[in-house]
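Q: So here's data-v3.txt, just compact mmCIF, C-alpha atoms:
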# COMPACT_ATOMS: atom_id res chain seq x y z
CA MET I 1 15.69 -6.86 -32.95
CA GLN I 2 11.95 -6.86 -32.32
CA PRO I 3 10.11 -7.97 -29.16
CA SER I 4 8.89 -11.04 -31.05
CA ASP I 5 12.53 -12.13 -31.44
CA LEU I 6 12.93 -12.42 -27.66
CA ARG I 7 12.87 -15.77 -25.90
CA VAL I 8 13.08 -15.10 -22.17
CA ALA I 9 13.69 -17.76 -19.54
CA PHE I 10 12.33 -16.07 -16.40
CA PHE I 11 13.61 -17.42 -13.06
CA SER I 12 11.70 -16.51 -9.91
CA GLY I 13 12.08 -17.51 -6.29
CA ASN I 14 8.37 -16.94 -5.67
CA TYR I 15 6.21 -16.45 -8.73
CA ASN I 16 2.76 -17.16 -7.31
CA TYR I 17 2.83 -19.38 -4.23
CA ILE I 18 2.70 -16.35 -1.86
CA ARG I 19 1.12 -13.03 -2.79
CA ASP I 20 3.43 -10.06 -2.32
CA GLY I 21 4.52 -6.96 -4.21
CA ALA I 22 7.45 -8.66 -5.93
CA ASN I 23 5.50 -11.47 -7.53
CA GLN I 24 2.68 -9.10 -8.42
CA ALA I 25 5.21 -7.08 -10.41
CA GLN I 26 6.63 -10.24 -12.01
CA ASN I 27 3.26 -11.54 -13.17
CA LEU I 28 2.22 -8.15 -14.55
CA LEU I 29 5.54 -7.91 -16.37
CA VAL I 30 5.20 -11.37 -17.92
CA GLY I 31 1.65 -10.56 -19.02
CA TYR I 32 2.86 -7.38 -20.68
CA LEU I 33 5.77 -9.14 -22.40
CA LEU I 34 3.48 -11.83 -23.78
CA ALA I 35 1.11 -9.16 -25.09
CA GLN I 36 4.05 -7.59 -26.97
CA GLY I 37 4.89 -10.89 -28.67
CA VAL I 38 7.78 -11.91 -26.41
CA GLN I 39 8.09 -15.65 -25.75
CA VAL I 40 8.46 -16.24 -22.00
CA ARG I 41 8.85 -19.38 -19.93
CA VAL I 42 8.80 -19.02 -16.12
CA TYR I 43 10.74 -21.25 -13.71
CA SER I 44 9.92 -21.18 -9.99
CA PRO I 45 9.21 -23.35 -6.96
CA THR I 46 5.49 -24.02 -6.61
CA THR I 47 2.94 -25.28 -4.09
CA ASP I 48 -0.24 -27.31 -4.38
CA GLN I 49 -2.27 -24.30 -3.23
CA PRO I 50 -0.77 -21.17 -4.81
CA ALA I 51 -1.96 -17.72 -3.80
CA PHE I 52 -3.16 -16.97 -7.34
CA PRO I 53 -3.01 -18.44 -10.87
CA PRO I 54 0.28 -17.75 -12.67
CA VAL I 55 0.52 -15.58 -15.76
CA GLY I 56 2.16 -17.46 -18.64
CA ASP I 57 3.77 -20.90 -18.72
CA LEU I 58 5.09 -21.83 -15.27
CA VAL I 59 7.54 -24.71 -14.94
CA LYS I 60 7.87 -26.21 -11.47
CA VAL I 61 11.38 -26.21 -10.01
CA PRO I 62 12.05 -28.61 -7.10
CA GLY I 63 12.60 -26.67 -3.90
CA PHE I 64 12.71 -26.82 -0.12
CA SER I 65 11.45 -24.60 2.69
CA PHE I 66 13.64 -21.77 3.89
CA PRO I 67 15.04 -22.57 7.37
CA GLY I 68 12.92 -20.83 9.97
CA ARG I 69 10.40 -19.63 7.38
CA ALA I 70 8.38 -22.58 6.11
CA ASP I 71 6.18 -20.26 4.02
CA TYR I 72 9.09 -19.46 1.68
CA LYS I 73 10.75 -21.93 -0.65
CA LEU I 74 14.20 -22.08 -2.16
CA GLY I 75 14.66 -23.61 -5.59
CA ARG I 76 17.42 -26.15 -6.01
CA TYR I 77 20.59 -24.96 -7.73
CA PHE I 78 19.78 -26.02 -11.31
CA PRO I 79 18.04 -29.40 -11.38
CA ARG I 80 18.51 -31.73 -14.34
CA GLU I 81 14.85 -31.46 -15.37
CA THR I 82 15.03 -27.67 -15.26
CA ARG I 83 18.17 -27.67 -17.39
CA ALA I 84 16.54 -29.95 -19.96
CA ASP I 85 13.49 -27.69 -20.20
CA VAL I 86 15.64 -24.57 -20.60
CA GLU I 87 17.70 -26.24 -23.31
CA ALA I 88 14.54 -27.18 -25.20
CA PHE I 89 13.19 -23.64 -24.88
CA ALA I 90 16.49 -22.17 -26.14
CA PRO I 91 16.27 -18.67 -24.62
CA ASN I 92 18.31 -15.75 -25.89
CA LEU I 93 17.92 -13.93 -22.57
CA ILE I 94 17.72 -15.14 -18.98
CA HIS I 95 15.98 -13.01 -16.33
CA VAL I 96 16.68 -13.84 -12.67
CA SER I 97 14.55 -12.40 -9.88
CA ALA I 98 16.21 -13.65 -6.71
CA PRO I 99 19.82 -14.24 -5.63
CA GLU I 100 19.20 -17.73 -4.28
CA PHE I 101 20.37 -21.16 -5.44
CA LEU I 102 18.17 -21.32 -8.54
CA GLY I 103 19.19 -17.84 -9.62
CA HIS I 104 22.89 -18.59 -9.21
CA GLY I 105 22.47 -21.80 -11.20
CA ALA I 106 20.65 -19.97 -13.97
CA LEU I 107 23.44 -17.39 -14.22
CA THR I 108 26.12 -20.09 -14.39
CA TYR I 109 24.18 -21.82 -17.16
CA ALA I 110 23.81 -18.52 -19.03
CA ARG I 111 27.51 -17.70 -18.81
CA ARG I 112 28.52 -21.15 -20.05
CA HIS I 113 26.17 -20.81 -23.03
CA ARG I 114 26.84 -17.11 -23.66
CA ILE I 115 23.23 -16.10 -23.08
CA ALA I 116 22.37 -12.52 -22.15
CA THR I 117 21.35 -11.98 -18.52
CA VAL I 118 19.28 -9.49 -16.57
CA ALA I 119 18.73 -9.53 -12.80
CA ALA I 120 15.93 -7.71 -11.00
CA LEU I 121 16.47 -6.44 -7.47
CA HIS I 122 13.16 -6.71 -5.61
CA THR I 123 14.08 -6.49 -1.95
CA ARG I 124 17.01 -5.87 0.35
CA PHE I 125 17.79 -9.47 1.26
CA GLU I 126 20.86 -8.48 3.25
CA THR I 127 18.67 -6.79 5.88
CA TYR I 128 16.45 -9.79 6.59
CA PHE I 129 18.82 -11.68 8.83
CA ARG I 130 18.98 -9.00 11.53
CA TYR I 131 15.30 -9.72 12.28
CA TYR I 132 16.02 -13.38 13.04
CA ASP I 133 18.97 -12.87 15.41
CA ILE I 134 21.59 -13.85 12.84
CA GLY I 135 22.59 -10.37 11.70
CA PHE I 136 26.25 -11.31 12.05
CA ILE I 137 26.09 -13.00 8.63
CA GLU I 138 25.01 -9.80 6.88
CA PRO I 139 28.53 -9.01 5.55
CA THR I 140 28.70 -12.48 4.01
CA ILE I 141 25.29 -12.00 2.41
CA GLN I 142 26.42 -8.66 0.99
CA TRP I 143 29.45 -10.38 -0.55
CA ILE I 144 27.18 -12.99 -2.15
CA LEU I 145 24.83 -10.31 -3.49
CA ARG I 146 27.72 -8.26 -4.90
CA ARG I 147 29.06 -11.31 -6.71
CA PHE I 148 25.59 -12.23 -7.98
CA TYR I 149 24.73 -8.82 -9.44
CA ASN I 150 28.20 -8.37 -10.91
CA ARG I 151 27.74 -11.54 -13.00
CA VAL I 152 24.85 -10.18 -15.12
CA ASP I 153 24.67 -7.82 -18.08
CA ARG I 154 22.13 -5.47 -16.50
CA VAL I 155 20.53 -4.98 -13.09
CA LEU I 156 16.93 -3.77 -12.95
CA VAL I 157 16.30 -1.60 -9.89
CA PRO I 158 13.09 0.23 -8.96
CA THR I 159 14.48 3.54 -7.70
CA PRO I 160 17.55 5.80 -7.85
CA SER I 161 18.23 5.23 -4.14
CA ILE I 162 18.78 1.55 -4.88
CA VAL I 163 21.26 2.43 -7.62
CA ALA I 164 23.23 4.46 -5.08
CA LEU I 165 23.02 1.64 -2.53
CA ILE I 166 24.34 -1.13 -4.77
CA ARG I 167 27.14 1.14 -6.01
CA GLU I 168 28.18 1.63 -2.37
CA GLN I 169 28.10 -2.15 -1.96
CA GLY I 170 30.45 -2.65 -4.90
CA VAL I 171 28.09 -3.58 -7.73
CA THR I 172 29.48 -2.14 -10.96
CA THR I 173 27.05 -3.67 -13.48
CA PRO I 174 25.04 -1.19 -15.60
CA THR I 175 21.54 -0.54 -14.24
CA SER I 176 18.12 0.28 -15.65
CA ILE I 177 15.22 1.67 -13.64
CA TRP I 178 12.19 -0.61 -13.40
CA PRO I 179 9.65 1.33 -11.34
CA ARG I 180 6.31 -0.09 -10.25
CA GLY I 181 2.74 0.78 -11.05
CA VAL I 182 -0.57 1.00 -9.24
CA ASP I 183 -4.01 -0.29 -10.19
CA HIS I 184 -5.74 3.09 -10.15
CA ASP I 185 -9.20 1.59 -10.63
CA ARG I 186 -8.71 -0.24 -7.32
CA PHE I 187 -6.59 2.13 -5.25
CA ARG I 188 -8.45 5.44 -5.18
CA PRO I 189 -9.81 7.81 -2.53
CA GLY I 190 -13.40 7.01 -3.51
CA ALA I 191 -13.00 3.43 -2.26
CA ARG I 192 -13.04 4.65 1.37
CA SER I 193 -15.84 3.05 3.39
CA LEU I 194 -16.91 4.23 6.84
CA GLU I 195 -19.35 1.33 6.96
CA TRP I 196 -16.48 -1.14 6.53
CA ARG I 197 -14.51 0.61 9.28
CA ARG I 198 -17.51 0.41 11.59
CA SER I 199 -17.70 -3.34 10.97
CA LEU I 200 -14.22 -3.54 12.53
CA GLY I 201 -15.19 -1.37 15.48
CA ILE I 202 -13.49 1.79 14.22
CA GLY I 203 -15.53 4.94 14.76
CA ASP I 204 -16.05 7.53 12.05
CA ASP I 205 -14.08 10.13 13.99
CA GLU I 206 -11.24 7.82 15.01
CA ILE I 207 -7.90 8.12 13.22
CA ALA I 208 -6.96 4.75 11.76
CA ILE I 209 -3.21 4.20 11.55
CA GLY I 210 -2.75 1.39 9.08
CA PHE I 211 -0.29 -1.41 8.60
CA LEU I 212 -0.49 -3.04 5.18
CA GLY I 213 1.42 -6.14 4.12
CA ARG I 214 2.54 -9.59 5.15
CA LEU I 215 2.92 -9.98 8.88
CA VAL I 216 6.58 -10.94 8.95
CA LEU I 217 9.32 -9.54 11.15
CA GLU I 218 11.26 -7.91 8.34
CA LYS I 219 8.38 -5.52 7.69
CA GLY I 220 9.27 -3.67 10.89
CA LEU I 221 6.53 -5.09 13.11
CA ASP I 222 8.64 -4.55 16.23
CA VAL I 223 9.03 -0.85 15.46
CA PHE I 224 5.35 -0.52 14.62
CA ALA I 225 4.41 -2.07 17.99
CA ASP I 226 6.86 0.19 19.86
CA VAL I 227 5.32 3.25 18.21
CA ALA I 228 1.78 2.11 19.02
CA THR I 229 2.84 1.71 22.67
CA THR I 230 4.37 5.20 22.63
CA LEU I 231 1.21 6.73 21.15
CA ARG I 232 -0.90 5.06 23.84
CA ALA I 233 1.42 6.32 26.56
CA ARG I 234 1.15 9.86 25.21
CA GLY I 235 -2.62 9.70 24.95
CA ILE I 236 -2.64 10.34 21.20
CA PRO I 237 -6.10 9.34 19.93
CA HIS I 238 -5.87 6.63 17.28
CA ARG I 239 -6.80 3.09 16.27
CA VAL I 240 -4.42 0.61 14.69
CA LEU I 241 -5.80 -1.05 11.55
CA VAL I 242 -3.88 -4.10 10.35
CA VAL I 243 -4.48 -5.37 6.82
CA GLY I 244 -2.67 -8.61 6.03
CA GLU I 245 -1.73 -12.02 7.37
CA GLY I 246 1.50 -13.85 8.03
CA PRO I 247 3.45 -16.07 10.40
CA ALA I 248 4.13 -13.25 12.90
CA ARG I 249 0.45 -12.34 13.34
CA ASP I 250 -0.06 -13.77 16.82
CA ALA I 251 3.11 -12.24 18.24
CA PHE I 252 2.23 -8.89 16.72
CA ALA I 253 -1.34 -9.05 18.05
CA GLU I 254 -0.01 -9.54 21.57
CA ARG I 255 1.91 -6.27 21.28
CA VAL I 256 -0.94 -4.25 19.75
CA PRO I 257 -3.98 -5.68 21.58
CA GLU I 258 -6.17 -2.72 20.68
CA ALA I 259 -5.67 -3.20 16.93
CA ALA I 260 -8.41 -4.09 14.50
CA PHE I 261 -7.19 -7.00 12.35
CA ALA I 262 -8.89 -7.04 8.97
CA GLY I 263 -7.01 -10.11 7.78
CA PHE I 264 -5.96 -10.80 4.23
CA GLN I 265 -7.78 -8.66 1.66
CA ARG I 266 -7.68 -8.95 -2.10
CA GLY I 267 -9.06 -7.22 -5.18
CA ASP I 268 -11.41 -4.31 -4.63
CA ASP I 269 -11.71 -5.29 -0.95
CA LEU I 270 -8.02 -4.44 -0.59
CA GLY I 271 -8.56 -1.08 -2.26
CA ARG I 272 -11.38 -0.36 0.18
CA ALA I 273 -9.21 -1.31 3.15
CA VAL I 274 -6.35 0.96 2.11
CA ALA I 275 -8.57 3.95 1.34
CA SER I 276 -10.27 3.49 4.72
CA MET I 277 -7.02 4.22 6.56
CA ASP I 278 -6.22 7.76 7.71
CA ILE I 279 -2.44 7.27 7.86
CA LEU I 280 -0.26 4.47 6.51
CA PHE I 281 2.68 3.72 8.78
CA ASN I 282 5.45 1.80 6.99
CA PRO I 283 8.59 1.42 9.15
CA SER I 284 10.19 -1.24 6.94
CA VAL I 285 13.79 -0.72 5.82
CA THR I 286 13.82 -3.76 3.53
CA GLU I 287 11.88 -2.15 0.69
CA THR I 288 13.28 -1.27 -2.71
CA TRP I 289 10.05 0.39 -3.88
CA GLY I 290 7.37 -0.03 -1.25
CA GLN I 291 4.27 -1.16 -3.12
CA VAL I 292 2.07 -0.53 -0.10
CA THR I 293 3.35 3.04 0.06
CA SER I 294 2.48 3.78 -3.55
CA GLU I 295 -0.95 2.15 -3.16
CA ALA I 296 -1.69 4.24 -0.07
CA MET I 297 -0.64 7.40 -1.89
CA ALA I 298 -2.91 6.53 -4.82
CA SER I 299 -5.73 6.05 -2.29
CA GLY I 300 -5.23 9.54 -0.90
CA VAL I 301 -3.69 8.35 2.38
CA PRO I 302 -0.71 10.23 3.88
CA VAL I 303 2.32 8.08 4.68
CA VAL I 304 4.74 7.98 7.59
CA ALA I 305 7.70 5.86 6.56
CA ALA I 306 11.31 5.06 7.33
CA ARG I 307 13.82 7.37 5.70
CA ALA I 308 15.28 4.44 3.80
CA THR I 309 15.55 3.07 0.28
CA GLY I 310 12.28 2.96 -1.58
CA ALA I 311 10.35 5.38 0.63
CA VAL I 312 12.73 8.27 -0.02
CA ASP I 313 11.96 7.98 -3.74
CA LEU I 314 8.18 7.91 -3.21
CA VAL I 315 7.36 10.13 -0.24
CA ASP I 316 7.96 13.87 -0.54
CA ASP I 317 8.78 14.69 3.07
CA GLY I 318 6.32 17.22 4.44
CA VAL I 319 4.20 17.12 1.29
CA THR I 320 2.82 13.60 0.76
CA GLY I 321 3.83 12.32 4.18
CA LEU I 322 6.69 12.31 6.65
CA LEU I 323 10.01 10.45 6.62
CA VAL I 324 11.64 9.43 9.89
CA HIS I 325 15.05 8.00 10.71
CA PRO I 326 14.63 4.22 11.01
CA TYR I 327 14.03 2.55 14.39
CA GLU I 328 13.32 5.81 16.32
CA ALA I 329 9.97 5.13 17.97
CA GLU I 330 9.72 8.55 19.59
CA ALA I 331 10.36 10.33 16.29
CA TYR I 332 7.80 8.15 14.50
CA ALA I 333 5.29 8.95 17.24
CA ASP I 334 6.02 12.67 16.81
CA ALA I 335 5.35 12.43 13.08
CA ILE I 336 2.13 10.48 13.47
CA ALA I 337 0.91 12.77 16.25
CA ARG I 338 1.51 15.79 14.02
CA ILE I 339 -0.71 14.37 11.27
CA VAL I 340 -3.35 13.14 13.73
CA ALA I 341 -3.66 16.63 15.24
CA ASP I 342 -3.98 18.49 11.92
CA PRO I 343 -6.93 17.47 9.70
CA ALA I 344 -5.96 20.04 7.06
CA LEU I 345 -2.44 18.62 6.84
CA ARG I 346 -3.84 15.11 6.63
CA ARG I 347 -6.10 16.15 3.77
CA SER I 348 -3.42 18.07 1.85
CA MET I 349 -0.90 15.24 2.16
CA GLY I 350 -3.47 12.75 0.91
CA GLU I 351 -4.30 14.91 -2.09
CA ALA I 352 -0.62 15.46 -2.92
CA GLY I 353 0.14 11.75 -2.64
CA HIS I 354 -2.77 10.88 -4.91
CA ALA I 355 -1.56 13.38 -7.51
CA LYS I 356 2.01 12.05 -7.41
CA ALA I 357 0.92 8.42 -7.66
CA GLU I 358 -0.95 9.15 -10.89
CA SER I 359 2.35 8.70 -12.73
CA TYR I 360 2.82 5.12 -11.45
CA ARG I 361 1.57 3.00 -14.37
CA TRP I 362 2.22 -0.71 -14.84
CA ASP I 363 2.39 -0.74 -18.64
CA ALA I 364 4.91 2.11 -18.69
CA ALA I 365 7.03 0.34 -16.07
CA SER I 366 6.94 -2.96 -17.96
CA GLN I 367 7.91 -1.25 -21.22
CA LEU I 368 11.09 -0.03 -19.52
CA VAL I 369 12.02 -3.66 -18.79
CA LEU I 370 11.37 -4.66 -22.39
CA ASP I 371 13.55 -1.75 -23.52
CA ALA I 372 16.31 -2.96 -21.20
CA TYR I 373 16.11 -6.48 -22.64
CA LEU I 374 16.48 -5.14 -26.18
CA ASP I 375 19.35 -2.86 -25.15
CA VAL I 376 21.26 -5.73 -23.54
CA LEU I 377 20.91 -7.92 -26.61
CA ALA I 378 21.90 -5.06 -28.90
CA GLU I 379 25.03 -4.44 -26.81
CA ARG I 380 26.02 -8.12 -27.07
CA SER I 381 25.41 -8.34 -30.81
CA PRO I 382 28.38 -7.73 -33.15
CA PRO I 383 28.07 -4.55 -35.24
CA THR I 384 26.79 -4.96 -38.75
CA CYS I 385 28.78 -3.59 -41.68
Can the structure from this file be put into structure tokens for me?

A:
Amino acid sequence: MQPSDLRVAFFSGNYNYIRDGANQAQNLLVGYLLAQGVQVRVYSPTTDQPAFPPVGDLVKVPGFSFPGRADYKLGRYFPRETRADVEAFAPNLIHVSAPEFLGHGALTYARRHRIATVAALHTRFETYFRYYDIGFIEPTIQWILRRFYNRVDRVLVPTPSIVALIREQGVTTPTSIWPRGVDHDRFRPGARSLEWRRSLGIGDDEIAIGFLGRLVLEKGLDVFADVATTLRARGIPHRVLVVGEGPARDAFAERVPEAAFAGFQRGDDLGRAVASMDILFNPSVTETWGQVTSEAMASGVPVVAARATGAVDLVDDGVTGLLVHPYEAEAYADAIARIVADPALRRSMGEAGHAKAESYRWDAASQLVLDAYLDVLAERSPPTC
């Protein structure tokens, strides 16, 4: 089978209505597949004002806002109009990107029609609920996720640590690694701008400890704020630089009143913002890859991150940054203070991270997904005599 023989129905929970690392990867993948001759049709909830134009043909799926998080939408199970469009498209492979209602409906449809299936694991959904005071349902969510990923022919995961995690959780489906890439023209040490820092009130000699990403609780904002408080109490010289927006912005700003908020940045402005940090602090434990971590590394910025899935595959502890046991504010403060106090260490970690990130290429990552598609279809095809 050739790539041009593939007809992929691509189901996403968020293809372009909010900008984040997962939908960036999805759009880049679809663009690559189309360039290789694959026919792709994307199904996702939409909004009237999406964050960016979609790559490829996007079919709107009726949806509703996620309870407690109006910025996220959930697609309906498998609406009649969606089913009719899929039937007309006649895919030979279905790709699902999120274990929500639409994804479950797509898998049921695929199984009934004996269509090959691939599921991509983009984030650790089971961890989200602990940030909204409903962590008691986490075991139920894990059961749902195990059932979901055990219904497909192949699971695409970004790192080996995620393979180990889902095996521990009871997922037995074969896996393929789908790593992520970095836009190296955008994320580079040369994008650093002292002038831009000054415009935010950050002095040339101040150490900017950066947060990068959507301002939502599951990104570890509470831990970040605790660490900032600890650094202040210890008298460690630093400035907090926050790049991003989100529904938790105001609450976060109250806890880090000294922070410089750069707001949402895009394109080359985002590359400039990342390179202008001195340390990236990423305490999130929900990551499967950590796009912000790889972009900071490519920009020559050392990283302090949670010793958790995603980060452990990217950060070489003591070489490109420091890994810390999750939730330990004092230990995070120790790690950051160590890098703040040692300019030579800061420089060497930045250089090592930049060198390691050189291998993160989008086209190479997307080709691995295309290879997985072809492998799955080959495994389902009867042998020829």

Q: Tell me, in Å to one decimal, how far atom CA of I:Arg186 is from atom CA of I:Val30.

A: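 Value for the atom CA of I:Arg186-atom CA of I:Val30 distance: 20.7 Å.
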
Q: Could you please give me, as a PDB file with C-alpha atoms, keeping the file's coordinate frame, the residues of protein, DNA or RNA lying at most 9 Å from (11.9, -22.5, -11.9) in the coordinate frame of the file, considering all atoms listed in the file?

A:
ATOM      1  CA  PHE I  10      12.330 -16.070 -16.400  1.00  0.00           C
ATOM      2  CA  PHE I  11      13.610 -17.420 -13.060  1.00  0.00           C
ATOM      3  CA  SER I  12      11.700 -16.510  -9.910  1.00  0.00           C
ATOM      4  CA  GLY I  13      12.080 -17.510  -6.290  1.00  0.00           C
ATOM      5  CA  TYR I  15       6.210 -16.450  -8.730  1.00  0.00           C
ATOM      6  CA  VAL I  42       8.800 -19.020 -16.120  1.00  0.00           C
ATOM      7  CA  TYR I  43      10.740 -21.250 -13.710  1.00  0.00           C
ATOM      8  CA  SER I  44       9.920 -21.180  -9.990  1.00  0.00           C
ATOM      9  CA  PRO I  45       9.210 -23.350  -6.960  1.00  0.00           C
ATOM     10  CA  THR I  46       5.490 -24.020  -6.610  1.00  0.00           C
ATOM     11  CA  LEU I  58       5.090 -21.830 -15.270  1.00  0.00           C
ATOM     12  CA  VAL I  59       7.540 -24.710 -14.940  1.00  0.00           C
ATOM     13  CA  LYS I  60       7.870 -26.210 -11.470  1.00  0.00           C
ATOM     14  CA  VAL I  61      11.380 -26.210 -10.010  1.00  0.00           C
ATOM     15  CA  PRO I  62      12.050 -28.610  -7.100  1.00  0.00           C
ATOM     16  CA  GLY I  75      14.660 -23.610  -5.590  1.00  0.00           C
ATOM     17  CA  ARG I  76      17.420 -26.150  -6.010  1.00  0.00           C
ATOM     18  CA  PHE I  78      19.780 -26.020 -11.310  1.00  0.00           C
ATOM     19  CA  THR I  82      15.030 -27.670 -15.260  1.00  0.00           C
ATOM     20  CA  LEU I 102      18.170 -21.320  -8.540  1.00  0.00           C
ATOM     21  CA  GLY I 103      19.190 -17.840  -9.620  1.00  0.00           C
TER      22      GLY I 103
END

Q: Measuring between all atoms listed in the file, which one of I:Val285, I:Leu314, I:Val216, I:Val274 shows the shortest distance to I:Ala251?

A: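 Smallest distance to I:Ala251 is found for I:Val216.
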
Q: Let me make sure I understand: among I:Thr230, I:Ser348, I:Ser193, I:Asn282, which one has the smallest atom-to-atom distance to I:Gly210 if we use only C-alpha atoms?

A: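 For I:Gly210, the nearest of the candidates is I:Asn282.
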
Q: Which neighbours of stretch 349-366 of chain I fall inside 9 Å, counting only C-alpha atoms, when residues of the same chain fewer than 3 positions from it are skipped, and could you give them as an MDAnalysis selection string?

A: chainID I and resid 25 28:30 32:33 177:184 188:189 278:279 294:303 314:316 318:321 344:346 369:371

Q: What is the atom CA of I:Ala329-atom CA of I:Val227 distance in Å, reported with one decimal?

A: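 These two atoms are separated by 5.0 Å.
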
Q: When you draw a straight line from atom CA of I:Ala337 to atom CA of I:Ala259, how long is it in Å?

A: 17.3 Å

Q: Near I:Asp375, within 12 Å and counting all atoms listed in the file, which residues show up once chain neighbours fewer than 5 positions away are dropped, as a short mmCIF file (atom, residue, chain, number, x, y, z; two decimals) with C-alpha atoms, keeping the file's coordinate frame?

A:
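Result written to around.cif:
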data_model
loop_
_atom_site.label_atom_id
_atom_site.label_comp_id
_atom_site.auth_asym_id
_atom_site.auth_seq_id
_atom_site.Cartn_x
_atom_site.Cartn_y
_atom_site.Cartn_z
CA MET I 1 15.69 -6.86 -32.95
CA GLN I 2 11.95 -6.86 -32.32
CA PRO I 3 10.11 -7.97 -29.16
CA LEU I 6 12.93 -12.42 -27.66
CA LEU I 93 17.92 -13.93 -22.57
CA ALA I 116 22.37 -12.52 -22.15
CA THR I 117 21.35 -11.98 -18.52
CA VAL I 118 19.28 -9.49 -16.57
CA ASP I 153 24.67 -7.82 -18.08
CA ARG I 154 22.13 -5.47 -16.50
CA PRO I 174 25.04 -1.19 -15.60
CA THR I 175 21.54 -0.54 -14.24
CA SER I 176 18.12 0.28 -15.65
CA LEU I 368 11.09 -0.03 -19.52
CA VAL I 369 12.02 -3.66 -18.79
CA LEU I 370 11.37 -4.66 -22.39
CA ARG I 380 26.02 -8.12 -27.07
CA SER I 381 25.41 -8.34 -30.81
#

Q: Please provide as number ranges by chain all residues within 8 Å of I:Val38, with the sequence filter that same-chain residues fewer than 2 positions apart are discarded (counting all atoms listed in the file).

A: I: 3-8, 33-36, 40

Q: For I:Gln24, which of I:Gly190, I:Pro53, I:Pro79, I:Gly246 is the closest residue, counting only C-alpha atoms?

A: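 Distance minimum relative to I:Gln24 lands on I:Pro53.
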
Q: Pick from I:Gly56, I:Pro99, I:Pro237, I:Pro91: nearest to I:Ile115, with all atoms listed in the file counted?

A: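 Smallest separation from I:Ile115 among the options: I:Pro91.
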
Q: Have a look at I:Arg114, I:Lys219, I:His238, I:Arg83 and name the one nearest to I:Ile207; count all atoms listed in the file.

A: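 Of I:Arg114, I:Lys219, I:His238, I:Arg83, the one nearest I:Ile207 is I:His238, counting all atoms listed in the file.
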
Q: Counting all atoms listed in the file, which of I:Phe148, I:Phe101, I:Phe224, I:Tyr332 gets nearest to I:Ala119?

A: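 The answer is I:Phe148, which sits nearest to I:Ala119.
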
Q: Could you list, as a short mmCIF file (atom, residue, chain, number, x, y, z; two decimals) with C-alpha atoms, keeping the file's coordinate frame, every residue within 7 Å of I:Pro50, counting only C-alpha atoms and ignoring same-chain residues fewer than 6 positions away?

A:
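Output file out_6.cif is given in full below:
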data_model
loop_
_atom_site.label_atom_id
_atom_site.label_comp_id
_atom_site.auth_asym_id
_atom_site.auth_seq_id
_atom_site.Cartn_x
_atom_site.Cartn_y
_atom_site.Cartn_z
CA ASN I 16 2.76 -17.16 -7.31
CA TYR I 17 2.83 -19.38 -4.23
CA ILE I 18 2.70 -16.35 -1.86
#

Q: Given the point (4.7, 5.8, 7.7) in the coordinates of this file, which residues lie within 7 Å, counting all atoms listed in the file, and how would they look as a PyMOL selection string?

A: chain I and resi 280-283+303-306+322
